[in-house]
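A.B. asks: To be precise about what I am sending: the file is called final.cif and holds mmCIF, C-alpha atoms.
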```cif
data_input
#
loop_
_atom_site.label_atom_id
_atom_site.label_comp_id
_atom_site.auth_asym_id
_atom_site.auth_seq_id
_atom_site.Cartn_x
_atom_site.Cartn_y
_atom_site.Cartn_z
CA MET N 1 48.47 -5.23 161.75
CA LEU N 2 46.05 -2.32 162.02
CA ALA N 3 44.55 -0.85 158.86
CA ARG N 4 41.81 1.65 159.76
CA GLY N 5 39.78 3.12 162.59
CA GLU N 6 36.32 4.43 163.33
CA GLY N 7 35.40 6.17 166.56
CA CYS N 8 36.79 4.18 169.48
CA TYR N 9 37.48 1.10 167.36
CA VAL N 10 40.31 0.05 165.07
CA PHE N 11 40.35 -2.76 162.53
CA ASP N 12 43.22 -4.98 161.45
CA THR N 13 44.06 -6.03 157.90
CA GLU N 14 41.85 -9.11 158.29
CA GLY N 15 38.85 -7.06 159.36
CA LYS N 16 38.88 -7.91 163.08
CA ARG N 17 37.57 -5.10 165.29
CA TYR N 18 39.31 -3.91 168.48
CA LEU N 19 38.08 -1.53 171.16
CA ASP N 20 40.82 1.08 171.53
CA LEU N 21 41.25 1.99 175.20
CA TYR N 22 44.78 3.36 174.90
CA ALA N 23 44.33 5.82 171.98
CA GLY N 24 47.88 5.56 170.69
CA ILE N 25 49.14 6.31 174.23
CA ALA N 26 46.67 9.14 174.94
CA VAL N 27 47.08 10.72 171.49
CA SER N 28 43.90 9.96 169.52
CA SER N 29 41.77 12.25 171.66
CA LEU N 30 38.87 12.30 169.16
CA GLY N 31 39.10 8.62 168.37
CA HIS N 32 39.60 7.57 164.75
CA ALA N 33 38.30 9.20 161.56
CA HIS N 34 36.51 11.92 163.51
CA PRO N 35 34.53 13.87 160.87
CA GLY N 36 35.61 17.28 162.15
CA LEU N 37 39.29 16.37 162.23
CA VAL N 38 39.14 14.66 158.84
CA ALA N 39 37.46 17.69 157.28
CA ALA N 40 39.89 20.17 158.82
CA VAL N 41 43.01 18.28 157.77
CA THR N 42 41.67 17.56 154.29
CA GLU N 43 40.78 21.19 153.71
CA GLN N 44 44.12 22.42 155.00
CA VAL N 45 46.10 20.02 152.80
CA SER N 46 44.49 21.69 149.78
CA ARG N 47 45.46 25.17 151.02
CA LEU N 48 48.84 25.20 152.79
CA ILE N 49 50.77 22.45 154.55
CA HIS N 50 54.08 24.01 155.54
CA THR N 51 55.87 27.35 155.63
CA SER N 52 58.36 26.97 158.55
CA ASN N 53 58.06 29.36 161.47
CA LEU N 54 59.96 32.03 159.57
CA PHE N 55 56.50 33.19 158.54
CA TYR N 56 53.19 33.53 160.35
CA SER N 57 50.22 31.53 159.10
CA ASP N 58 46.56 32.08 159.85
CA LYS N 59 45.90 28.69 161.43
CA THR N 60 48.98 28.81 163.64
CA ALA N 61 48.15 32.31 164.86
CA GLU N 62 44.56 31.28 165.61
CA LEU N 63 45.73 28.22 167.50
CA ALA N 64 48.17 30.25 169.59
CA GLN N 65 45.41 32.66 170.55
CA LYS N 66 42.99 29.89 171.51
CA LEU N 67 45.56 27.95 173.53
CA CYS N 68 46.57 31.02 175.49
CA ALA N 69 42.94 31.93 176.14
CA ARG N 70 42.11 28.41 177.25
CA SER N 71 45.19 27.90 179.45
CA GLY N 72 45.61 31.39 180.88
CA MET N 73 49.16 31.56 179.55
CA ALA N 74 50.55 34.43 177.47
CA ARG N 75 52.77 33.04 174.69
CA VAL N 76 53.29 29.74 172.90
CA PHE N 77 56.09 28.10 170.95
CA PHE N 78 55.03 25.23 168.70
CA CYS N 79 57.09 22.10 168.12
CA ASN N 80 56.43 18.53 166.95
CA SER N 81 56.18 16.41 170.10
CA GLY N 82 56.24 16.29 173.86
CA THR N 83 59.91 15.40 173.91
CA GLU N 84 60.71 18.48 171.83
CA GLY N 85 58.56 20.55 174.15
CA ILE N 86 60.50 19.37 177.20
CA GLU N 87 63.81 19.94 175.41
CA GLY N 88 62.75 23.48 174.56
CA ALA N 89 61.58 24.07 178.13
CA ILE N 90 64.98 22.98 179.49
CA LYS N 91 66.66 25.57 177.30
CA LEU N 92 64.04 28.18 178.19
CA VAL N 93 64.38 27.94 181.97
CA ARG N 94 68.16 28.13 181.87
CA ARG N 95 68.15 30.99 179.35
CA PHE N 96 65.55 32.79 181.49
CA HIS N 97 67.98 33.07 184.40
CA TYR N 98 70.91 33.78 182.10
CA GLY N 99 68.98 36.73 180.71
CA LYS N 100 68.61 38.07 184.24
CA GLY N 101 72.34 37.84 184.89
CA SER N 102 72.17 34.60 186.89
CA CYS N 103 74.41 32.42 184.72
CA GLU N 104 74.97 30.01 187.61
CA ARG N 105 71.27 29.14 187.92
CA GLN N 106 71.26 25.99 185.80
CA HIS N 107 70.16 23.26 188.19
CA ILE N 108 66.90 21.49 187.34
CA VAL N 109 65.04 19.28 189.81
CA ALA N 110 62.73 16.54 188.54
CA THR N 111 61.19 13.54 190.32
CA TRP N 112 61.83 9.84 190.54
CA SER N 113 59.45 7.67 188.48
CA ALA N 114 58.85 10.59 186.11
CA PHE N 115 58.89 10.30 182.34
CA HIS N 116 59.59 13.36 180.19
CA GLY N 117 60.73 11.94 176.83
CA ARG N 118 63.58 10.18 175.09
CA SER N 119 65.98 12.87 173.85
CA MET N 120 69.14 13.27 175.96
CA GLY N 121 67.78 16.29 177.77
CA ALA N 122 64.33 14.82 178.35
CA VAL N 123 65.64 11.42 179.36
CA SER N 124 68.01 13.10 181.83
CA LEU N 125 64.93 14.52 183.59
CA THR N 126 63.16 11.16 183.41
CA GLY N 127 63.52 9.67 186.87
CA GLN N 128 63.77 6.04 185.78
CA PRO N 129 67.34 4.69 185.42
CA LYS N 130 66.22 1.98 182.99
CA TYR N 131 65.80 4.71 180.38
CA TRP N 132 69.40 5.96 180.93
CA GLU N 133 71.19 2.68 180.35
CA GLY N 134 73.67 2.66 177.51
CA PHE N 135 73.48 6.35 176.65
CA GLY N 136 76.37 7.69 178.68
CA ALA N 137 76.26 10.60 181.06
CA PRO N 138 73.01 12.61 181.32
CA ILE N 139 73.05 16.36 180.87
CA ALA N 140 74.65 18.23 183.74
CA HIS N 141 72.96 19.93 186.68
CA VAL N 142 69.90 17.67 186.96
CA SER N 143 68.77 15.87 190.11
CA HIS N 144 65.68 14.03 191.33
CA THR N 145 63.55 13.87 194.46
CA LYS N 146 60.75 11.57 195.52
CA TYR N 147 57.44 12.37 193.80
CA GLY N 148 54.94 13.81 196.25
CA ASP N 149 57.54 14.62 198.94
CA LEU N 150 57.51 18.38 199.54
CA GLU N 151 60.05 18.18 202.36
CA ALA N 152 62.56 16.49 200.10
CA MET N 153 61.96 19.12 197.43
CA ALA N 154 62.37 21.93 199.95
CA ARG N 155 65.75 20.52 200.99
CA ARG N 156 66.87 20.36 197.36
CA LEU N 157 65.85 23.81 196.12
CA ASN N 158 68.17 26.79 196.54
CA ASP N 159 69.40 29.91 194.76
CA GLN N 160 71.08 27.74 192.11
CA THR N 161 67.81 26.11 191.08
CA ALA N 162 66.54 27.13 187.64
CA ALA N 163 63.33 25.12 187.64
CA VAL N 164 61.30 22.18 188.86
CA PHE N 165 59.80 19.86 186.22
CA VAL N 166 56.86 17.70 187.29
CA GLU N 167 53.86 15.78 185.92
CA PRO N 168 50.48 16.40 187.61
CA ILE N 169 49.93 12.67 187.17
CA GLN N 170 52.93 10.47 186.51
CA GLY N 171 52.02 8.47 183.42
CA GLU N 172 54.80 6.06 182.56
CA GLY N 173 55.64 5.88 186.25
CA GLY N 174 52.43 3.93 186.87
CA VAL N 175 49.53 6.44 186.63
CA LEU N 176 50.35 8.13 189.93
CA PRO N 177 48.30 11.27 190.72
CA ALA N 178 50.07 13.98 192.69
CA PRO N 179 49.11 13.91 196.39
CA GLU N 180 46.72 16.61 197.49
CA GLY N 181 48.56 19.87 198.03
CA TYR N 182 51.72 18.75 196.26
CA LEU N 183 51.46 20.98 193.19
CA ALA N 184 50.47 23.99 195.29
CA GLY N 185 53.39 23.27 197.58
CA LEU N 186 55.77 23.14 194.62
CA ARG N 187 54.43 26.48 193.43
CA ALA N 188 55.15 28.03 196.83
CA LEU N 189 58.63 26.51 197.04
CA CYS N 190 59.55 27.73 193.56
CA ASP N 191 58.31 31.22 194.37
CA LYS N 192 60.35 31.21 197.58
CA VAL N 193 63.68 30.52 195.85
CA GLY N 194 62.94 32.22 192.51
CA ALA N 195 62.80 29.01 190.46
CA LEU N 196 60.37 28.37 187.61
CA LEU N 197 57.68 25.69 187.83
CA VAL N 198 57.34 23.64 184.64
CA LEU N 199 54.32 21.33 184.36
CA ASP N 200 54.58 18.44 181.93
CA GLU N 201 50.95 18.17 180.80
CA ILE N 202 51.87 16.21 177.69
CA GLN N 203 49.65 13.29 178.70
CA THR N 204 47.30 15.00 181.15
CA GLY N 205 46.43 18.11 179.12
CA VAL N 206 43.65 18.97 176.66
CA GLY N 207 40.84 17.61 178.80
CA ARG N 208 42.07 14.14 179.69
CA THR N 209 41.54 14.52 183.44
CA GLY N 210 38.26 16.43 183.21
CA ARG N 211 39.82 19.90 182.96
CA PHE N 212 41.77 21.46 180.11
CA LEU N 213 44.90 21.23 182.26
CA ALA N 214 45.21 18.74 185.10
CA SER N 215 46.79 21.47 187.25
CA GLU N 216 43.45 23.29 187.21
CA HIS N 217 42.10 20.72 189.67
CA ASP N 218 44.62 22.10 192.19
CA GLY N 219 44.27 25.76 191.24
CA VAL N 220 47.96 25.93 190.35
CA LYS N 221 49.38 28.03 187.54
CA ALA N 222 52.81 27.13 186.22
CA ASP N 223 55.40 29.39 184.64
CA VAL N 224 55.75 26.94 181.75
CA VAL N 225 53.36 24.23 180.50
CA VAL N 226 54.22 21.62 177.88
CA LEU N 227 51.42 20.08 175.79
CA ALA N 228 51.47 17.46 173.02
CA LYS N 229 49.87 14.01 172.56
CA GLY N 230 46.10 14.65 172.37
CA LEU N 231 46.47 18.23 171.16
CA GLY N 232 46.59 17.20 167.50
CA GLY N 233 44.26 14.21 167.72
CA GLY N 234 46.94 12.06 166.05
CA VAL N 235 48.70 14.70 163.97
CA PRO N 236 52.12 15.44 165.55
CA ILE N 237 52.24 18.74 167.42
CA GLY N 238 53.66 20.02 170.69
CA ALA N 239 53.42 23.36 172.44
CA ILE N 240 55.40 25.23 175.10
CA LEU N 241 53.13 27.73 176.83
CA VAL N 242 54.61 30.42 179.07
CA GLY N 243 53.55 33.33 181.21
CA GLU N 244 54.37 36.83 180.01
CA HIS N 245 57.33 37.06 182.40
CA CYS N 246 58.98 34.24 180.41
CA ALA N 247 58.13 35.62 176.98
CA GLY N 248 61.64 36.93 176.26
CA ALA N 249 63.51 33.93 177.66
CA LEU N 250 64.32 32.54 174.20
CA PRO N 251 65.17 35.49 171.92
CA VAL N 252 65.19 35.01 168.17
CA GLY N 253 68.00 32.68 167.19
CA THR N 254 68.28 30.83 170.51
CA HIS N 255 65.76 28.13 169.63
CA GLY N 256 63.93 27.01 166.51
CA THR N 257 62.05 24.34 164.61
CA THR N 258 61.53 23.44 160.97
CA PHE N 259 58.20 21.63 161.09
CA GLY N 260 56.81 22.82 164.43
CA GLY N 261 53.42 24.50 164.31
CA ASN N 262 52.98 24.07 160.59
CA PRO N 263 49.52 25.00 159.23
CA LEU N 264 48.47 21.35 158.84
CA ALA N 265 49.21 20.47 162.47
CA ALA N 266 47.62 23.72 163.60
CA ALA N 267 44.44 22.97 161.65
CA ALA N 268 44.26 19.56 163.31
CA ALA N 269 44.71 21.06 166.78
CA LEU N 270 42.02 23.67 166.07
CA ALA N 271 39.65 20.83 165.12
CA VAL N 272 40.43 19.16 168.44
CA LEU N 273 39.73 22.40 170.33
CA ARG N 274 36.42 22.82 168.49
CA ALA N 275 35.39 19.31 169.45
CA TYR N 276 36.58 20.00 173.00
CA GLU N 277 34.01 22.78 173.22
CA GLU N 278 31.18 21.37 171.10
CA GLN N 279 31.29 17.82 172.47
CA ASP N 280 32.21 18.76 176.06
CA LEU N 281 35.20 16.46 176.01
CA ALA N 282 36.38 17.49 179.47
CA GLY N 283 32.94 16.86 180.90
CA ASN N 284 32.80 13.47 179.20
CA ALA N 285 36.25 12.62 180.53
CA ALA N 286 35.12 13.47 184.06
CA ARG N 287 31.85 11.52 183.88
CA VAL N 288 33.04 8.45 182.00
CA GLY N 289 36.33 8.50 183.89
CA GLU N 290 34.48 8.26 187.20
CA HIS N 291 32.55 5.31 185.80
CA LEU N 292 35.78 3.68 184.64
CA LEU N 293 37.51 4.11 187.98
CA SER N 294 34.55 2.65 189.85
CA LYS N 295 34.60 -0.39 187.56
CA LEU N 296 38.34 -0.85 188.09
CA ARG N 297 37.88 -0.65 191.85
CA GLY N 298 35.18 -3.30 191.50
CA LEU N 299 37.71 -5.60 189.82
CA CYS N 300 40.11 -5.06 192.73
CA GLU N 301 37.37 -6.17 195.12
CA LYS N 302 36.49 -9.16 192.95
CA TYR N 303 40.08 -10.30 192.32
CA PRO N 304 42.12 -9.02 195.31
CA ALA N 305 44.96 -11.45 194.62
CA VAL N 306 45.23 -10.27 191.01
CA ALA N 307 44.33 -6.56 190.91
CA VAL N 308 45.72 -4.69 193.93
CA ALA N 309 44.94 -1.01 193.24
CA ALA N 310 42.99 1.30 190.94
CA ARG N 311 43.78 4.99 190.61
CA GLY N 312 43.64 7.96 188.28
CA ARG N 313 41.61 10.98 187.33
CA GLY N 314 39.24 11.43 184.41
CA LEU N 315 40.15 9.24 181.46
CA MET N 316 43.64 8.54 182.74
CA CYS N 317 43.38 5.52 184.99
CA GLY N 318 45.57 2.63 186.01
CA LEU N 319 44.94 -0.85 187.37
CA GLU N 320 47.91 -2.21 189.30
CA LEU N 321 48.39 -5.95 189.04
CA ALA N 322 49.86 -8.21 191.72
CA ALA N 323 53.58 -8.93 191.49
CA ASP N 324 53.05 -12.49 190.27
CA ILE N 325 50.72 -11.51 187.39
CA ASP N 326 52.19 -11.13 183.91
CA PRO N 327 51.01 -7.76 182.54
CA ARG N 328 52.16 -8.54 179.01
CA GLY N 329 50.20 -11.77 179.14
CA VAL N 330 47.13 -9.85 180.27
CA LEU N 331 47.53 -7.42 177.36
CA GLY N 332 47.84 -10.32 174.92
CA ALA N 333 44.75 -12.05 176.27
CA LEU N 334 42.81 -8.79 176.04
CA ARG N 335 43.96 -8.28 172.47
CA ASP N 336 42.67 -11.74 171.60
CA LYS N 337 39.30 -10.63 172.98
CA GLY N 338 39.36 -7.46 170.88
CA VAL N 339 40.47 -4.87 173.45
CA LEU N 340 43.65 -2.78 173.26
CA LEU N 341 45.41 -1.41 176.34
CA SER N 342 48.96 -0.43 177.24
CA THR N 343 51.04 -0.68 180.38
CA ALA N 344 52.64 1.92 182.60
CA GLY N 345 55.37 1.26 185.13
CA ASP N 346 56.21 -2.36 185.82
CA ARG N 347 52.73 -3.84 186.23
CA VAL N 348 50.02 -1.23 185.72
CA LEU N 349 47.38 -1.48 182.99
CA ARG N 350 46.92 2.03 181.62
CA PHE N 351 43.52 3.24 180.42
CA VAL N 352 43.77 6.40 178.28
CA PRO N 353 40.93 5.94 175.75
CA PRO N 354 39.72 8.56 173.28
CA LEU N 355 37.95 11.40 175.06
CA VAL N 356 34.79 10.55 173.11
CA VAL N 357 34.52 7.07 174.67
CA THR N 358 31.15 6.13 176.18
CA SER N 359 30.28 4.36 179.41
CA ALA N 360 28.90 1.48 177.34
CA GLN N 361 32.25 1.08 175.60
CA ILE N 362 34.02 1.15 178.97
CA ASP N 363 31.68 -1.63 180.12
CA GLU N 364 32.59 -3.60 177.01
CA GLY N 365 36.27 -3.34 177.83
CA ILE N 366 35.79 -4.09 181.52
CA ALA N 367 33.77 -7.23 180.69
CA ALA N 368 36.68 -8.53 178.61
CA LEU N 369 39.18 -7.61 181.33
CA ASP N 370 37.02 -9.39 183.92
CA GLU N 371 37.25 -12.60 181.91
CA VAL N 372 41.00 -12.27 181.53
CA LEU N 373 41.61 -11.56 185.22
CA SER N 374 39.53 -14.57 186.21
CA ALA N 375 42.34 -16.71 184.80
CA ALA N 376 45.15 -14.17 184.74
CA PRO N 377 48.47 -15.39 183.34
CA ARG N 378 51.16 -15.67 186.01
CA VAL N 379 54.78 -14.69 185.77
CA VAL N 380 56.84 -17.71 184.84
CA ALA N 381 59.65 -18.13 187.36
CA PRO N 382 63.07 -18.68 185.77
CA GLN N 383 64.31 -22.23 186.02
CA LYS N 384 67.30 -22.80 188.26
#
```
Could you rewrite the structure in this file as structure tokens?
C.D. replies:
Amino acid sequence: MLARGEGCYVFDTEGKRYLDLYAGIAVSSLGHAHPGLVAAVTEQVSRLIHTSNLFYSDKTAELAQKLCARSGMARVFFCNSGTEGIEGAIKLVRRFHYGKGSCERQHIVATWSAFHGRSMGAVSLTGQPKYWEGFGAPIAHVSHTKYGDLEAMARRLNDQTAAVFVEPIQGEGGVLPAPEGYLAGLRALCDKVGALLVLDEIQTGVGRTGRFLASEHDGVKADVVVLAKGLGGGVPIGAILVGEHCAGALPVGTHGTTFGGNPLAAAAALAVLRAYEEQDLAGNAARVGEHLLSKLRGLCEKYPAVAVAARGRGLMCGLELAADIDPRGVLGALRDKGVLLSTAGDRVLRFVPPLVVTSAQIDEGIAALDEVLSAAPRVVAPQK
């Protein structure tokens, strides 16, 4: 049971220290108890916590301006999470075409292995049937194509397509970066048929891959971008960013939120953006991420029967384990050694540490992982 944190470490109720290399699933972008974030949230609590978005607040307005300037987008709608951001984006893209007189343009294309959230709308876009089980029919007019396959996407898109939703790097799908040219190809295909391109940068955004948005690596600008996770450094906040051409897609009364973008969450996000600039978080993610990926590739060379692939970008990396290795057992053994990780997909160890992590701390985690992989727990075959 965890009780407190400091930097890239957390401590349990018995005082044991753990190196945090998963950051609450890519959320704690500044690590734990970051002085700037603590000061900003503490100060804001004493001033104004909540107003609802029926009123403007100074922190929320400042955050909107900074996010638009940083991302190159024109407008922003604040919510509480990535799932809410995706849900709002689904409504936005359909209402966009409705507002132009194209009521029939409702179809949304997503990709297999994707993960977009756990509400009914978001889970309908999530291209993993295991997340659908037991919840009845998904929302209508949603289909999926193979991630990275532009030809399949081209066959699917038509004048009934409202939008394409895609992650620049599939997170829950197994830390799968988009193939070179894929995002640019999607942009061209969407432009050809008049569909909107929605980039789910919930996990990849705010510097995690070495740029503010992962799509910047490919020079691609979306119509809609969804941010969350690391934006608030641990305080819940999400954001839907749009280009000016989408600004009127959700007129007053068509969408809303009670808590979204409250002054407290906005103050936290502003503290994250200040640290992003002052501590060069994107640059650190690029440099330390390259070091991390090289170390993971070294483990694949050292234990080819255990670790079969290493991939990722910046501080979003994955180590794929062999089919007969028990990933949960590996996580447990690492936890016993004082290192926290999470999984992605069926058998990928996911590394999404705080953006302030150092190369020395990466080496500390890799040393523990090396020991675990040297005697990696195997999957226990069911008895006949």
A.B. asks: Using all atoms listed in the file, which of the listed residues (N:Val357, N:Leu241, N:Leu270, N:Cys103) sits closest to Asp58 in chain N?
C.D. replies: N:Leu270
A.B. asks: When the PyMOL selection byres ((chain N and resi 230) around 6) is applied to the structure above, which residues does it catch, written out as a PyMOL selection string?
C.D. replies: chain N and resi 27-29+229+231-233
A.B. asks: What do you get, as JSON, numbers by chain, if you spell out every residue that the PyMOL selection byres ((chain N and resi 34-46) around 12) selects here?
C.D. replies: {"N": [5, 6, 7, 8, 9, 28, 29, 30, 31, 32, 33, 47, 48, 49, 50, 57, 58, 59, 60, 231, 232, 233, 234, 235, 262, 263, 264, 265, 266, 267, 268, 269, 270, 271, 272, 273, 274, 275, 276, 278, 279, 354, 355, 356]}
A.B. asks: Which one is closest to Ala137 in chain N: N:Gly99, N:Gly121, N:Gly283, N:Gly174? Count only C-alpha atoms.
C.D. replies: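 Nearest candidate to Ala137 in chain N out of N:Gly99, N:Gly121, N:Gly283, N:Gly174: N:Gly121.
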A.B. asks: Taking the file as shown, what set of residues would the PyMOL selection byres ((chain N and resi 71) around 10) give back, as a list in words?
C.D. replies: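 Against this file, the PyMOL selection byres ((chain N and resi 71) around 10) returns the residues Lys66, Leu67, Cys68, Ala69, Arg70, Gly72, Met73, Ala74, Gly205, Val206, Phe212, Leu213, Glu216, Lys221, Val225, Leu241 and Val242 of chain N.
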A.B. asks: Pull C-alpha atoms from the residues just selected and write them as a PDB file, keeping the file's coordinate frame.
C.D. replies:
```pdb
ATOM      1  CA  LYS N  66      42.990  29.890 171.510  1.00  0.00           C
ATOM      2  CA  LEU N  67      45.560  27.950 173.530  1.00  0.00           C
ATOM      3  CA  CYS N  68      46.570  31.020 175.490  1.00  0.00           C
ATOM      4  CA  ALA N  69      42.940  31.930 176.140  1.00  0.00           C
ATOM      5  CA  ARG N  70      42.110  28.410 177.250  1.00  0.00           C
ATOM      6  CA  GLY N  72      45.610  31.390 180.880  1.00  0.00           C
ATOM      7  CA  MET N  73      49.160  31.560 179.550  1.00  0.00           C
ATOM      8  CA  ALA N  74      50.550  34.430 177.470  1.00  0.00           C
ATOM      9  CA  GLY N 205      46.430  18.110 179.120  1.00  0.00           C
ATOM     10  CA  VAL N 206      43.650  18.970 176.660  1.00  0.00           C
ATOM     11  CA  PHE N 212      41.770  21.460 180.110  1.00  0.00           C
ATOM     12  CA  LEU N 213      44.900  21.230 182.260  1.00  0.00           C
ATOM     13  CA  GLU N 216      43.450  23.290 187.210  1.00  0.00           C
ATOM     14  CA  LYS N 221      49.380  28.030 187.540  1.00  0.00           C
ATOM     15  CA  VAL N 225      53.360  24.230 180.500  1.00  0.00           C
ATOM     16  CA  LEU N 241      53.130  27.730 176.830  1.00  0.00           C
ATOM     17  CA  VAL N 242      54.610  30.420 179.070  1.00  0.00           C
TER      18      VAL N 242
END
```
A.B. asks: One number please: CA of Gly171 in chain N to CA of Asp200 in chain N, in Å, one decimal.
C.D. replies: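 Here the two named atoms are 10.4 Å from each other.
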A.B. asks: What gap, in Å, lies between CA of Leu2 in chain N and CA of Ile25 in chain N?
C.D. replies: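 These two atoms are separated by 15.3 Å.
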A.B. asks: Excluding same-chain residues fewer than 3 positions from Pro129 in chain N, what lies within 12 Å of it counting only C-alpha atoms, as number ranges by chain?
C.D. replies: N: 111-115, 123-126, 132-138, 144, 173
A.B. asks: Point out the residue among N:Pro251, N:Gly117, N:Gly312, N:Gly329 with the least atom-to-atom distance to Leu369 in chain N, counting all atoms listed in the file.
C.D. replies: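 Residue with the minimum atom-to-atom distance to Leu369 in chain N: N:Gly329.
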A.B. asks: If we count all atoms listed in the file and set the cut-off at 6 Å, which residues sit around range 320-325 of chain N, ignoring sequence neighbours fewer than 3 positions away in its own chain? Please answer as a list in words.
C.D. replies: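 Contacts, with the query itself left out: Val306, Ala307, Val308, Ala309, Arg347, Val348, Arg378 and Val379 of chain N.
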A.B. asks: What gap, in Å, lies between CA of Ser119 in chain N and CA of Gly318 in chain N?
C.D. replies: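 Between CA of Ser119 in chain N and CA of Gly318 in chain N the gap is 25.9 Å.
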A.B. asks: If we count all atoms listed in the file and set the cut-off at 9 Å, which residues sit around Tyr182 in chain N, ignoring sequence neighbours fewer than 6 positions away in its own chain? Please answer as a list in words.
C.D. replies: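 Those residues are Tyr147, Gly148, Asp149, Leu150 and Asp218 of chain N.
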A.B. asks: Taking (36.7, -4.7, 165.4) in the file's own coordinates, collect the residues within 10 Å, counting only C-alpha atoms, and hand them back as number ranges by chain.
C.D. replies: N: 4-6, 8-12, 14-20, 337-339
A.B. asks: Could you add N, CA and C atoms to range 22-36 of chain N and give me the result as a PDB file, keeping the file's coordinate frame?
C.D. replies:
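Saved to out_22.pdb:
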```pdb
ATOM      1  N   TYR N  22      43.504   2.702 174.602  1.00  0.00           N
ATOM      2  CA  TYR N  22      44.780   3.360 174.900  1.00  0.00           C
ATOM      3  C   TYR N  22      45.071   4.518 173.951  1.00  0.00           C
ATOM      4  N   ALA N  23      44.318   4.626 172.858  1.00  0.00           N
ATOM      5  CA  ALA N  23      44.330   5.820 171.980  1.00  0.00           C
ATOM      6  C   ALA N  23      45.731   6.215 171.537  1.00  0.00           C
ATOM      7  N   GLY N  24      46.529   5.242 171.145  1.00  0.00           N
ATOM      8  CA  GLY N  24      47.880   5.560 170.690  1.00  0.00           C
ATOM      9  C   GLY N  24      48.709   6.210 171.778  1.00  0.00           C
ATOM     10  N   ILE N  25      48.535   5.746 173.017  1.00  0.00           N
ATOM     11  CA  ILE N  25      49.140   6.310 174.230  1.00  0.00           C
ATOM     12  C   ILE N  25      48.640   7.749 174.446  1.00  0.00           C
ATOM     13  N   ALA N  26      47.343   7.869 174.581  1.00  0.00           N
ATOM     14  CA  ALA N  26      46.670   9.140 174.940  1.00  0.00           C
ATOM     15  C   ALA N  26      46.754  10.191 173.842  1.00  0.00           C
ATOM     16  N   VAL N  27      46.919   9.777 172.602  1.00  0.00           N
ATOM     17  CA  VAL N  27      47.080  10.720 171.490  1.00  0.00           C
ATOM     18  C   VAL N  27      45.779  10.940 170.722  1.00  0.00           C
ATOM     19  N   SER N  28      45.089   9.859 170.378  1.00  0.00           N
ATOM     20  CA  SER N  28      43.900   9.960 169.520  1.00  0.00           C
ATOM     21  C   SER N  28      42.707  10.433 170.347  1.00  0.00           C
ATOM     22  N   SER N  29      42.750  11.704 170.720  1.00  0.00           N
ATOM     23  CA  SER N  29      41.770  12.250 171.660  1.00  0.00           C
ATOM     24  C   SER N  29      40.349  12.234 171.107  1.00  0.00           C
ATOM     25  N   LEU N  30      40.199  12.330 169.782  1.00  0.00           N
ATOM     26  CA  LEU N  30      38.870  12.300 169.160  1.00  0.00           C
ATOM     27  C   LEU N  30      38.531  10.930 168.600  1.00  0.00           C
ATOM     28  N   GLY N  31      39.299   9.929 168.959  1.00  0.00           N
ATOM     29  CA  GLY N  31      39.100   8.620 168.370  1.00  0.00           C
ATOM     30  C   GLY N  31      39.665   8.600 166.962  1.00  0.00           C
ATOM     31  N   HIS N  32      39.076   7.780 166.100  1.00  0.00           N
ATOM     32  CA  HIS N  32      39.600   7.570 164.750  1.00  0.00           C
ATOM     33  C   HIS N  32      38.590   8.039 163.706  1.00  0.00           C
ATOM     34  N   ALA N  33      39.116   8.706 162.676  1.00  0.00           N
ATOM     35  CA  ALA N  33      38.300   9.200 161.560  1.00  0.00           C
ATOM     36  C   ALA N  33      37.192  10.128 162.043  1.00  0.00           C
ATOM     37  N   HIS N  34      37.496  10.950 163.023  1.00  0.00           N
ATOM     38  CA  HIS N  34      36.510  11.920 163.510  1.00  0.00           C
ATOM     39  C   HIS N  34      36.171  12.882 162.374  1.00  0.00           C
ATOM     40  N   PRO N  35      34.896  13.063 162.047  1.00  0.00           N
ATOM     41  CA  PRO N  35      34.530  13.870 160.870  1.00  0.00           C
ATOM     42  C   PRO N  35      35.097  15.287 160.898  1.00  0.00           C
ATOM     43  N   GLY N  36      35.101  15.924 162.062  1.00  0.00           N
ATOM     44  CA  GLY N  36      35.610  17.280 162.150  1.00  0.00           C
ATOM     45  C   GLY N  36      37.100  17.357 161.901  1.00  0.00           C
TER      46      GLY N  36
END
```
